[in-house]
Amino acid sequence: MQDVVLALLVKEPLHGYDLRKRLTVALGPLGETLNAGQVYVTLTRLEKAGLVVQVREEAAVRGPKRKVFAPTAAGYERVAAWMAESVGPRADVTEFHLKLVAARESGTADPLALVDARRRELMSSLAEAQRAALAPDAGAEAGLLLEGVALRLRADLRWLEACERVWSGRTPGGKGRGNG
Amino acid sequence: MTRNGRRGWPRRRGMDDGAGAVRPGAAAGPVLRAVGLARVYGEDESAIWAVDGIDLDVPAGQMLAVMGPSGCGKSTLLQLLGGLDRPTEGEVWLGGQRIDDLGERALARMRRRCLGFVFQAYHLIDELTAAENVELPALLAGASPRTARHRTAELLDRVGLADRARHLPSQLSGGQRQRIAIARALVNKPLVVLADEPTGNLDSAATLDILRLFGELRAAGQTLVMVTHDERVAATADRVVSLRDGVPADDTALDSDTGTARLGTLLNWEN
Amino acid sequence: MGHLLLIGRLVLRDLRRRPGEAFVFLLAVTIASTSLTLGLATGNAVDHGYEKTRAATAGPDIIATTTAADPSGVAKRLADTPGVAEQAAPVFAFDTYIKAHGKSAHTAVEGRDPSQDAVVDQPLVTSGTWVRPGGAVLERGFAKALGVSIGDHVTVSGRDYPVVGTAISVATSVYPWSDNAQGPGTSDFGGRMWLTAADTRKAAGDAPSVQLIHLKLDDPTATQHWMDTAFANWNESDGWVNAHAWQDVLQTDKAMIRDIQPALVVGGWLLAVAAIVTLVALATARAARDNRRAALLKAVGAGPATITAALLTQHLLLTLLATAIGLTSGTLSAPLLVDPSAGLLNTVGTLDFSAAFAAVLLAIVVAVTGALRPALHTARTSTVNALTGPAQLPTRRPCLNAATAYLPTSLLLGIRLLARRPGRAVLAAAGTAATTLMVTALLTWHTELAARPDVTHFGPIEVRADQTGRVLLAVTLALMAMSTLNTVLLGLGTAVQARRTLSVARTLGATPGQVVSALCVAGLLPAVPGIAVGIPAGLGLYWLFGTQVTPPGFSLLATALAVLLAVAVLTALPAWAHTRSPAGHTLNAEPA
């Protein structure tokens with residue numbers, strides 16, 4: 001969550017309300033569970049860690065004044081590092097989806113490159129799972145586990161195909177991709 | 001399923017089996033090669049470029065998976081590679097010989113000596129028994145009935161179906177039929193086996209069976225190109241080419257020596 | 001109502017989408033039913049023509065010929081025999097040759113009284129006028145054979161007579177059996193003409209002459225009994241008299257069709273067999289489509305009855321139409337065929353019951369054969385299977401598998417393909433047998449014709465031989481045309497159903513040549529028993545109806561080889577077409 005919020009601030013400084021609005025757009029109906037408090041808690045933690053700073057205060061139409069935050073130099077580094085690293089074998093769909101949104105918003109990474117990297121990663125895991133399943137010493141119980149793992153990985157890979165289709169249409173200049 | 005009695009696959013041989021000048025040594029460059037391959041269906045405005053300019057080299061002994069959603073041109077590519085269809089543009093080279101400009105008769109000769117096909121729908125000949133199906137390509141290639149029978153018995157034994165030799169395809173299960181089809185594809189010791197969705201009609205257990213068989217082929221050095229839309233099948237290959245709208249979108253080599261390092265992280269022991 | 005609308009719509013749509021198929025169907029059934037009607041109606045047509053002519057000309061029951069110069073004694077004795085209803089005055093006649101257009105022809109010349117109609121046998125003038133002094137009337141068939149028409153001149157005994165009319169009569173048989181003026185001794189073929197009595201006597205001069213006495217009996221059926229009574233105590237001194245009854249005349253008239261009727265009846269049934277083969281071949285070619293359509297109907301809630309009705313209606317409509325055309329054309333053309341010498345009134349006979357029955361039977365067999373299979377198939381299989389599954393699964397034939405396992409690949413594939421569709425093999429064999437049979441009969445007939453003494457090659461007998469030859473040739477050609485069609489249809493059916501198998505064989509490296517030869521084997525094998533049955537059957541049938549002549553062995557062998565070659569070429573065509581396209585195309589078209 002911290003990484004996502006931080007990456008969203010890279011494009012332009014935002015206050016908590018706008019951040020929440022942005023997240024709600026990316027998450028759709030799933031974002032309804034995200035309450036305003038969570039965003040502010042995250043911002044406070046980032047500020048304590050020295051990754052964001054308050055750049056100004058804006059007067060709202062109603063209610064209290066809004067604090068506008070921007071990343072610090074350490075914050076920028078953290079975002080770049082996050083984009084470069086893998087989301088890990090157990091990452092769920094929402095996590096990778098938000099990473100793709102953040103990458104596009106912040107312009108710090110090409111979502112398609114992220115998708116490609118993720119696919120290779122998943123494919124290698126799947127290859128391992130399949131090899132293990134094909135090994136002569138795979139018992140019935142282990143075989144069942146491996147089949148579950150393989151099916152999960154396959155589902156993720158299929159979702160990546162959908163991501164690729166959609167994101168290649170959104171990224172400027174993403175249409176005419178060369179051969180892989 | 002019985003797999004007792006199945007022996008290991010011998011390493012495939014190079015030029016020593018006297019099949020003629022078409023067969024190169026295993027190390028002499030790609031066995032199968034496509035250059036600027038394209039295939040158009042229809043004409044003018046309704047024309048569909050099923051395959052739209054593919055360059056592909058398949059080195060000897062490689063197991064290549066061609067992946068992609070349905071309609072991406074992967075089956076067309078396989079048919080072009082196997083000389084079952086003619087490209088609109090581009091060239092296909094098999095074992096150092098260009099095959100896309102051969103006549104039907106020469107293509108037939110080339111297929112029987114250098115290629116083995118495995119199809120999703122098995123495409124066994126319903127009128128022939130399992131053993132006869134396996135024998136057929138050998139007989140077509142001019143092997144003596146004795147040699148063909150001998151080789152068939154050997155292959156049926158290896159795919160674990162020695163006891164089903166006299167059955168008609170309609171009396172066999174899907175997995176058994178596909179194993180017969182694989183035995184049939186191998187009977188002439190082809191340079192390349194081309195498999196089109198070999199597990200498309202099979203359940204998980206039968207799929208694993210076929211994949212094990214392919215694994216043994218690969219270990220024996222058999223060059224194999226298979227088309228699949230199932231990532232689990234593609235993951236067993238050495239190399240995966242993803243097609244998107246008739247062009248390769250991704251070409252990944254899969255490392256086969258990682259053990260289960262990645263899988264281990266899935267278990268998340270620290271929690 | 002709703003069902004009727006649905007069925008009507010389905011039938012119409014199908015006819016509109018496949019007019020060619022409907023046309024072939026119509027043609028095949030029409031040819032078969034016409035020929036069948038013709039064969040069965042010819043006998044009837046002769047009877048009918050004879051009856052009509054007899055009524056119109058006061059035809060005699062008994063015709064007596066005497067050489068007595070004064071016939072009054074004979075006439076009186078005949079008139080006194082009980083049972084005579086009416087008796088015409090004796091007619092003076094003599095036997096001579098006439099010349100017309102430089103040709104010479106044997107004929108009887110009868111002297112008639114133009115002022116008064118005879119009570120028995122008054123010939124019916126069909127064109128021009130009746131005899132007048134110096135003017136001759138020729139029997140219509142005779143005039144036609146001579147090529148003489150009104151206004152032409154004929155020469156009798158050196159005198160020239162203009163032809164003033166043509167007429168017909170049943171006192172004699174039709175040309176060339178109409179010379180009744182020949183005295184004792186063997187009689188020749190010849191025609192018949194009329195002059196006035198005075199002209200006849202003048203023309204006859206000193207030549208031997210006869211007197212013709214025509215009688216009508218109270219009971220026309222009792223002719224034999226009457227003759228037995230009248231001539232019981234006849235002896236040489238009473239003078240030479242020859243008498244025959246109307247039944248003899250009709251019998252001779254029918255001799256004209258004696259040779260062509262078997263050809264037509266047998267040919268008709270053979271054509272019917274060929275038509276059924278065509279139909280089943282068509283049905284096989286469309287079996288997949290029909291099965292699928294039936295399944296679709298079933299899927300949307302149609303019951304087996306509706307499906308059968310829809311399929312049957314279409315076949316029945318076409319077949320009934322074809323049968324109606326066949327019956328009409330057969331009945332209309334029967335008189336033309338049976339009376340080439342034009343000696344009888346040319347009227348359209350009423351429809352013969354047996355002919356109509358046979359034709360309708362054929363129609364029903366044909367329609368049911370076409371519709372039953374898909375209907376039954378649908379009723380038996382589940383909807384889902386019918387929509388997705390193959391039409392038929394191969395049956396197990398372990399014996400065949402064992403027996404053919406050691407054959408060359410093409411042969412093995414061909415035989416296995418054949419064994420998968422035994423019904424089709426039987427059909428192909430039946431079609432080939434029918435054609436071979438007819439060709440053999442034609443060959444035998446030609447052999448007989450060639451073997452006949454030269455004398456019979458000329459003159460009036462040729463009329464009959466020509467007619468038989470034409471009928472045989474026409475039936476044979478029709479059969480050959482239908483067989484060609486059948487072979488192509490069956491070949492196409494085999495090729496369509498074997499397409500997948502052959503495509504697979506091609507991916508395995510079977511060359512186009514091997515594929516074509518496999519299909520050819522599948523086509524040729526059933527033709528062999530067909531020929532083996534057809535040749536002896538053709539000979540047997542010919543021997544049964546005609547003379548026992550055997551064509552030379554080499555020509556029979558040539559026939560067999562020619563039929564085989566034709567079948568091979570016709571089967572190879574669709575196979576060859578199959579190998580033109582790359583092997584992958586058919587596999588693509590197959591549902592996975």
# chains A, B, ... in the order shown; residues from 1 in each chain; ligands from 1
>>> interface_residues(of="chain B", to="chain C", cutoff="6 Å", atoms="only C-alpha atoms", output="JSON, numbers by chain")
{"B": [84, 85, 105, 108, 109, 111, 112, 121, 125, 127, 137]}
>>> write_last_selection(atoms="N, CA and C atoms", output="tab-separated table (two decimals), in the first residue's frame")
chain	number	residue	atom	x	y	z
B	84	LEU	N	1.79	-29.09	-44.75
B	84	LEU	CA	0.39	-29.45	-44.95
B	84	LEU	C	-0.36	-28.30	-45.60
B	85	ASP	N	0.25	-27.13	-45.60
B	85	ASP	CA	-0.35	-25.97	-46.22
B	85	ASP	C	0.79	-25.20	-46.86
B	105	ARG	N	3.71	-34.61	-54.38
B	105	ARG	CA	4.33	-35.94	-54.29
B	105	ARG	C	5.65	-35.88	-53.50
B	108	ALA	N	4.92	-35.36	-49.94
B	108	ALA	CA	4.52	-36.61	-49.30
B	108	ALA	C	5.75	-37.42	-48.91
B	109	ARG	N	6.71	-37.51	-49.82
B	109	ARG	CA	7.95	-38.26	-49.54
B	109	ARG	C	8.68	-37.65	-48.36
B	111	ARG	N	7.44	-35.77	-45.97
B	111	ARG	CA	6.71	-35.98	-44.72
B	111	ARG	C	6.96	-37.36	-44.15
B	112	ARG	N	6.94	-38.37	-45.05
B	112	ARG	CA	7.05	-39.72	-44.52
B	112	ARG	C	8.43	-40.01	-43.97
B	121	ALA	N	-7.08	-34.00	-32.41
B	121	ALA	CA	-8.16	-34.97	-32.62
B	121	ALA	C	-7.60	-36.35	-32.96
B	125	ILE	N	-6.56	-43.47	-38.21
B	125	ILE	CA	-7.46	-43.95	-39.26
B	125	ILE	C	-8.39	-44.99	-38.64
B	127	GLU	N	-10.42	-47.08	-39.69
B	127	GLU	CA	-10.58	-48.40	-40.27
B	127	GLU	C	-9.43	-49.33	-39.92
B	137	PRO	N	2.80	-45.40	-41.70
B	137	PRO	CA	3.83	-44.53	-42.29
B	137	PRO	C	5.07	-45.31	-42.70
>>> interface_residues(of="chain A", to="chain B", cutoff="8 Å", atoms="only C-alpha atoms", output="PyMOL selection string")
chain A and resi 89-90+120+123-134+150-151+154+157+178-180
>>> write_last_selection(atoms="N, CA and C atoms", output="mmCIF file, in the first residue's frame")
data_model
loop_
_atom_site.group_PDB
_atom_site.id
_atom_site.type_symbol
_atom_site.label_atom_id
_atom_site.label_comp_id
_atom_site.auth_asym_id
_atom_site.auth_seq_id
_atom_site.Cartn_x
_atom_site.Cartn_y
_atom_site.Cartn_z
ATOM 1 N N PRO A 89 6.395 -14.454 -5.859
ATOM 2 C CA PRO A 89 5.603 -15.558 -6.395
ATOM 3 C C PRO A 89 4.177 -15.583 -5.855
ATOM 4 N N ARG A 90 3.949 -15.044 -4.679
ATOM 5 C CA ARG A 90 2.622 -15.196 -4.105
ATOM 6 C C ARG A 90 1.768 -13.938 -4.239
ATOM 7 N N ARG A 120 7.401 -14.069 -17.506
ATOM 8 C CA ARG A 120 8.578 -14.960 -17.472
ATOM 9 C C ARG A 120 8.696 -15.619 -16.115
ATOM 10 N N MET A 123 6.016 -18.155 -15.714
ATOM 11 C CA MET A 123 6.266 -19.285 -16.603
ATOM 12 C C MET A 123 7.344 -20.184 -16.005
ATOM 13 N N SER A 124 8.391 -19.547 -15.430
ATOM 14 C CA SER A 124 9.457 -20.344 -14.825
ATOM 15 C C SER A 124 8.917 -21.135 -13.647
ATOM 16 N N SER A 125 8.059 -20.496 -12.852
ATOM 17 C CA SER A 125 7.466 -21.203 -11.714
ATOM 18 C C SER A 125 6.631 -22.371 -12.218
ATOM 19 N N LEU A 126 5.864 -22.107 -13.264
ATOM 20 C CA LEU A 126 5.007 -23.153 -13.817
ATOM 21 C C LEU A 126 5.859 -24.306 -14.340
ATOM 22 N N ALA A 127 6.957 -23.958 -14.998
ATOM 23 C CA ALA A 127 7.841 -25.000 -15.521
ATOM 24 C C ALA A 127 8.337 -25.875 -14.380
ATOM 25 N N GLU A 128 8.698 -25.220 -13.280
ATOM 26 C CA GLU A 128 9.155 -25.989 -12.114
ATOM 27 C C GLU A 128 8.059 -26.919 -11.616
ATOM 28 N N ALA A 129 6.856 -26.353 -11.496
ATOM 29 C CA ALA A 129 5.740 -27.142 -10.984
ATOM 30 C C ALA A 129 5.477 -28.336 -11.887
ATOM 31 N N GLN A 130 5.497 -28.111 -13.190
ATOM 32 C CA GLN A 130 5.204 -29.184 -14.128
ATOM 33 C C GLN A 130 6.290 -30.254 -14.105
ATOM 34 N N ARG A 131 7.526 -29.785 -14.015
ATOM 35 C CA ARG A 131 8.622 -30.758 -13.972
ATOM 36 C C ARG A 131 8.506 -31.618 -12.735
ATOM 37 N N ALA A 132 8.141 -30.940 -11.636
ATOM 38 C CA ALA A 132 7.981 -31.690 -10.396
ATOM 39 C C ALA A 132 6.838 -32.687 -10.529
ATOM 40 N N ALA A 133 5.750 -32.258 -11.186
ATOM 41 C CA ALA A 133 4.596 -33.141 -11.342
ATOM 42 C C ALA A 133 4.926 -34.318 -12.239
ATOM 43 N N LEU A 134 5.807 -34.096 -13.229
ATOM 44 C CA LEU A 134 6.146 -35.153 -14.174
ATOM 45 C C LEU A 134 7.204 -36.095 -13.633
ATOM 46 N N ALA A 150 -0.118 -25.398 -10.347
ATOM 47 C CA ALA A 150 -0.028 -25.168 -11.793
ATOM 48 C C ALA A 150 -1.272 -24.451 -12.303
ATOM 49 N N LEU A 151 -2.425 -24.864 -11.786
ATOM 50 C CA LEU A 151 -3.665 -24.231 -12.249
ATOM 51 C C LEU A 151 -3.715 -22.763 -11.840
ATOM 52 N N ARG A 154 -1.421 -20.903 -14.063
ATOM 53 C CA ARG A 154 -1.990 -20.760 -15.404
ATOM 54 C C ARG A 154 -3.037 -19.641 -15.422
ATOM 55 N N LEU A 157 -1.290 -16.401 -15.554
ATOM 56 C CA LEU A 157 -0.721 -16.157 -16.888
ATOM 57 C C LEU A 157 -1.810 -15.697 -17.855
ATOM 58 N N GLY A 178 7.667 -4.278 -31.133
ATOM 59 C CA GLY A 178 8.483 -5.136 -31.993
ATOM 60 C C GLY A 178 8.372 -6.583 -31.570
ATOM 61 N N ASN A 179 9.030 -7.448 -32.293
ATOM 62 C CA ASN A 179 8.995 -8.866 -31.955
ATOM 63 C C ASN A 179 9.768 -9.135 -30.688
ATOM 64 N N GLY A 180 9.272 -10.031 -29.867
ATOM 65 C CA GLY A 180 9.936 -10.383 -28.613
ATOM 66 C C GLY A 180 11.057 -11.340 -28.832
#
>>> atom_distance(atom1="atom CA of Gly469 of chain C", atom2="atom CA of Ala562 of chain C")
21.1 Å
>>> residues_around(residues="Val166 of chain A", least_positions_apart="6", cutoff="12 Å", atoms="only C-alpha atoms", output="list in words")
His97, Leu100, Val101, Pro111, Leu112, Val115, Trp159, Leu160, Gly174 and Lys175 of chain A
>>> select_by_dssp(residues="segment 112-194 of chain C", states="alpha helix (DSSP H)", output="list in words")
Arg140, Gly141, Phe142, Ala143, Lys144, Ala145 and Leu146 of chain C
>>> residues_around(residues="segment 142-149 of chain B", least_positions_apart="4", cutoff="9 Å", atoms="only C-alpha atoms", output="PyMOL selection string")
(chain B and resi 131-132+134-138+153-154+187) or (chain C and resi 406)
>>> residues_around(residues="Arg104 of chain A", least_positions_apart="4", cutoff="10 Å", atoms="only C-alpha atoms", output="MDAnalysis selection string")
chainID A and resid 7:8 11 98:100 108:112 167 170:171
>>> residues_around(residues="Asp156 of chain A", least_positions_apart="4", cutoff="8 Å", atoms="only C-alpha atoms", output="list in words")
Val93, Leu122, Arg152 and Leu160 of chain A
>>> residues_around(residues="segment 19-24 of chain A", least_positions_apart="3", cutoff="12 Å", atoms="only C-alpha atoms", output="compact mmCIF listing (two decimals) with N, CA and C atoms, in the first residue's frame")
# COMPACT_ATOMS: atom_id res chain seq x y z
N MET A 1 0.83 -1.21 0.00
CA MET A 1 0.00 0.00 0.00
C MET A 1 0.87 1.26 0.00
N GLN A 2 1.88 1.22 0.85
CA GLN A 2 2.80 2.37 0.94
C GLN A 2 3.43 2.65 -0.41
N VAL A 4 2.36 1.89 -3.39
CA VAL A 4 1.39 2.38 -4.36
C VAL A 4 1.15 3.88 -4.16
N VAL A 5 0.90 4.26 -2.89
CA VAL A 5 0.63 5.67 -2.58
C VAL A 5 1.83 6.54 -2.97
N LEU A 6 3.02 6.04 -2.63
CA LEU A 6 4.24 6.77 -2.93
C LEU A 6 4.38 6.98 -4.44
N ALA A 7 4.13 5.89 -5.21
CA ALA A 7 4.29 5.97 -6.66
C ALA A 7 3.28 6.94 -7.26
N LEU A 8 2.07 6.98 -6.69
CA LEU A 8 1.05 7.87 -7.23
C LEU A 8 1.44 9.34 -7.04
N LEU A 9 2.27 9.61 -5.98
CA LEU A 9 2.68 10.99 -5.72
C LEU A 9 3.81 11.45 -6.64
N VAL A 10 4.41 10.48 -7.37
CA VAL A 10 5.56 10.83 -8.21
C VAL A 10 5.12 11.77 -9.33
N LYS A 11 3.94 11.52 -9.90
CA LYS A 11 3.50 12.32 -11.03
C LYS A 11 3.27 13.77 -10.60
N GLU A 12 2.48 13.96 -9.52
CA GLU A 12 2.24 15.32 -9.01
C GLU A 12 1.89 15.21 -7.53
N PRO A 13 2.21 16.23 -6.76
CA PRO A 13 1.85 16.22 -5.34
C PRO A 13 0.34 16.18 -5.19
N LEU A 14 -0.16 15.36 -4.25
CA LEU A 14 -1.59 15.22 -4.05
C LEU A 14 -1.92 15.28 -2.58
N HIS A 15 -3.18 15.62 -2.25
CA HIS A 15 -3.60 15.47 -0.85
C HIS A 15 -4.38 14.17 -0.71
N GLY A 16 -4.63 13.81 0.51
CA GLY A 16 -5.23 12.50 0.82
C GLY A 16 -6.53 12.23 0.08
N LEU A 27 -9.53 0.80 -8.47
CA LEU A 27 -10.03 -0.43 -7.84
C LEU A 27 -11.51 -0.69 -8.15
N GLY A 28 -12.24 0.33 -8.55
CA GLY A 28 -13.67 0.14 -8.87
C GLY A 28 -14.45 -0.26 -7.64
N PRO A 29 -15.37 -1.17 -7.78
CA PRO A 29 -16.22 -1.58 -6.65
C PRO A 29 -15.40 -2.11 -5.49
N LEU A 30 -14.24 -2.69 -5.80
CA LEU A 30 -13.40 -3.23 -4.72
C LEU A 30 -12.88 -2.11 -3.84
N GLY A 31 -12.76 -0.90 -4.39
CA GLY A 31 -12.21 0.24 -3.65
C GLY A 31 -13.15 0.78 -2.60
N GLU A 32 -14.43 0.34 -2.63
CA GLU A 32 -15.39 0.88 -1.67
C GLU A 32 -15.01 0.53 -0.23
N THR A 33 -14.26 -0.60 -0.10
CA THR A 33 -13.87 -1.00 1.25
C THR A 33 -12.73 -0.14 1.78
N LEU A 34 -12.15 0.61 0.89
CA LEU A 34 -10.99 1.44 1.28
C LEU A 34 -11.53 2.74 1.90
N ASN A 35 -11.34 2.93 3.22
CA ASN A 35 -11.86 4.17 3.81
C ASN A 35 -10.78 5.25 3.85
N ALA A 36 -11.24 6.44 3.98
CA ALA A 36 -10.34 7.60 3.92
C ALA A 36 -9.23 7.51 4.95
N GLY A 37 -9.58 6.95 6.12
CA GLY A 37 -8.60 6.87 7.20
C GLY A 37 -7.35 6.12 6.81
N GLN A 38 -7.53 5.01 6.06
CA GLN A 38 -6.38 4.18 5.68
C GLN A 38 -5.36 4.96 4.87
N VAL A 39 -5.86 5.81 3.94
CA VAL A 39 -4.95 6.60 3.11
C VAL A 39 -4.15 7.55 3.99
N TYR A 40 -4.84 8.20 4.97
CA TYR A 40 -4.14 9.16 5.82
C TYR A 40 -3.13 8.47 6.72
N VAL A 41 -3.50 7.30 7.20
CA VAL A 41 -2.56 6.54 8.04
C VAL A 41 -1.30 6.23 7.24
N THR A 42 -1.50 5.77 5.98
CA THR A 42 -0.37 5.45 5.13
C THR A 42 0.51 6.67 4.89
N LEU A 43 -0.13 7.80 4.61
CA LEU A 43 0.63 9.04 4.35
C LEU A 43 1.46 9.42 5.58
N ARG A 66 -6.58 20.85 3.51
CA ARG A 66 -5.98 19.60 3.03
C ARG A 66 -4.50 19.75 2.88
N LYS A 67 -3.77 18.71 3.42
CA LYS A 67 -2.31 18.73 3.31
C LYS A 67 -1.92 18.07 2.00
N VAL A 68 -1.07 18.79 1.20
CA VAL A 68 -0.62 18.22 -0.07
C VAL A 68 0.78 17.66 0.13
N PHE A 69 1.00 16.37 -0.29
CA PHE A 69 2.28 15.69 -0.08
C PHE A 69 3.03 15.46 -1.39
N ALA A 70 4.36 15.45 -1.30
CA ALA A 70 5.20 15.08 -2.44
C ALA A 70 6.32 14.17 -1.93
N THR A 94 -4.70 -7.98 -7.18
CA THR A 94 -4.87 -6.55 -6.86
C THR A 94 -3.52 -5.84 -6.78
N HIS A 97 -2.03 -5.35 -10.14
CA HIS A 97 -2.86 -4.40 -10.87
C HIS A 97 -2.53 -2.98 -10.43
N LEU A 98 -2.45 -2.75 -9.11
CA LEU A 98 -2.15 -1.40 -8.60
C LEU A 98 -0.75 -0.98 -9.02
N LYS A 99 0.14 -1.96 -9.07
CA LYS A 99 1.51 -1.63 -9.49
C LYS A 99 1.51 -1.14 -10.93
N VAL A 101 -1.03 0.25 -12.48
CA VAL A 101 -1.66 1.58 -12.49
C VAL A 101 -0.65 2.63 -12.06
N ALA A 102 0.06 2.32 -10.95
CA ALA A 102 1.03 3.27 -10.42
C ALA A 102 2.14 3.52 -11.42
N GLU A 105 0.74 5.83 -14.02
CA GLU A 105 0.50 7.17 -13.49
C GLU A 105 1.81 7.92 -13.28
>>> select_by_dssp(residues="segment 13-140 of chain A", states="strand (DSSP E)", output="list in words")
Leu14, His15, Val52, Val53, Gln54, Val55, Arg56, Glu57, Glu58, Arg66, Lys67, Val68, Phe69, Ala70 and Pro71 of chain A
>>> atom_distance(atom1="atom CA of Leu6 of chain C", atom2="atom CA of Thr313 of chain C")
11.5 Å
>>> closest_residue(among="C:Ile62, C:Leu40, C:Ala222, C:Leu270", to="Ala79 of chain C", atoms="only C-alpha atoms")
C:Ile62
>>> atom_distance(atom1="atom CA of Ser149 of chain C", atom2="atom CA of Tyr50 of chain C")
23.5 Å
>>> decode(residues="segment 119-162 of chain A", atoms="C-alpha atoms", output="short mmCIF file (atom, residue, chain, number, x, y, z; two decimals), in the first residue's frame")
data_model
loop_
_atom_site.label_atom_id
_atom_site.label_comp_id
_atom_site.auth_asym_id
_atom_site.auth_seq_id
_atom_site.Cartn_x
_atom_site.Cartn_y
_atom_site.Cartn_z
CA ARG A 119 5.04 -13.62 -17.33
CA ARG A 120 8.58 -14.96 -17.47
CA GLU A 121 8.57 -15.24 -13.74
CA LEU A 122 5.26 -17.12 -13.66
CA MET A 123 6.27 -19.28 -16.60
CA SER A 124 9.46 -20.34 -14.82
CA SER A 125 7.47 -21.20 -11.71
CA LEU A 126 5.01 -23.15 -13.82
CA ALA A 127 7.84 -25.00 -15.52
CA GLU A 128 9.16 -25.99 -12.11
CA ALA A 129 5.74 -27.14 -10.98
CA GLN A 130 5.20 -29.18 -14.13
CA ARG A 131 8.62 -30.76 -13.97
CA ALA A 132 7.98 -31.69 -10.40
CA ALA A 133 4.60 -33.14 -11.34
CA LEU A 134 6.15 -35.15 -14.17
CA ALA A 135 8.93 -36.49 -12.02
CA PRO A 136 8.51 -40.20 -11.44
CA ASP A 137 8.65 -39.79 -7.66
CA ALA A 138 5.69 -37.40 -7.46
CA GLY A 139 3.15 -39.13 -5.23
CA ALA A 140 -0.60 -38.77 -5.50
CA GLU A 141 -0.91 -36.20 -2.70
CA ALA A 142 2.00 -34.10 -3.90
CA GLY A 143 0.64 -34.42 -7.43
CA LEU A 144 -2.62 -32.91 -6.29
CA LEU A 145 -0.82 -29.96 -4.67
CA LEU A 146 1.28 -29.45 -7.78
CA GLU A 147 -1.78 -29.52 -9.98
CA GLY A 148 -3.35 -26.80 -7.81
CA VAL A 149 -0.21 -24.70 -8.03
CA ALA A 150 -0.03 -25.17 -11.79
CA LEU A 151 -3.66 -24.23 -12.25
CA ARG A 152 -3.19 -21.05 -10.16
CA LEU A 153 -0.14 -20.10 -12.17
CA ARG A 154 -1.99 -20.76 -15.40
CA ALA A 155 -4.85 -18.53 -14.26
CA ASP A 156 -2.37 -15.73 -13.51
CA LEU A 157 -0.72 -16.16 -16.89
CA ARG A 158 -4.08 -15.90 -18.64
CA TRP A 159 -4.88 -12.76 -16.70
CA LEU A 160 -1.52 -11.33 -17.80
CA GLU A 161 -2.60 -11.83 -21.40
CA ALA A 162 -5.65 -9.69 -20.72
#
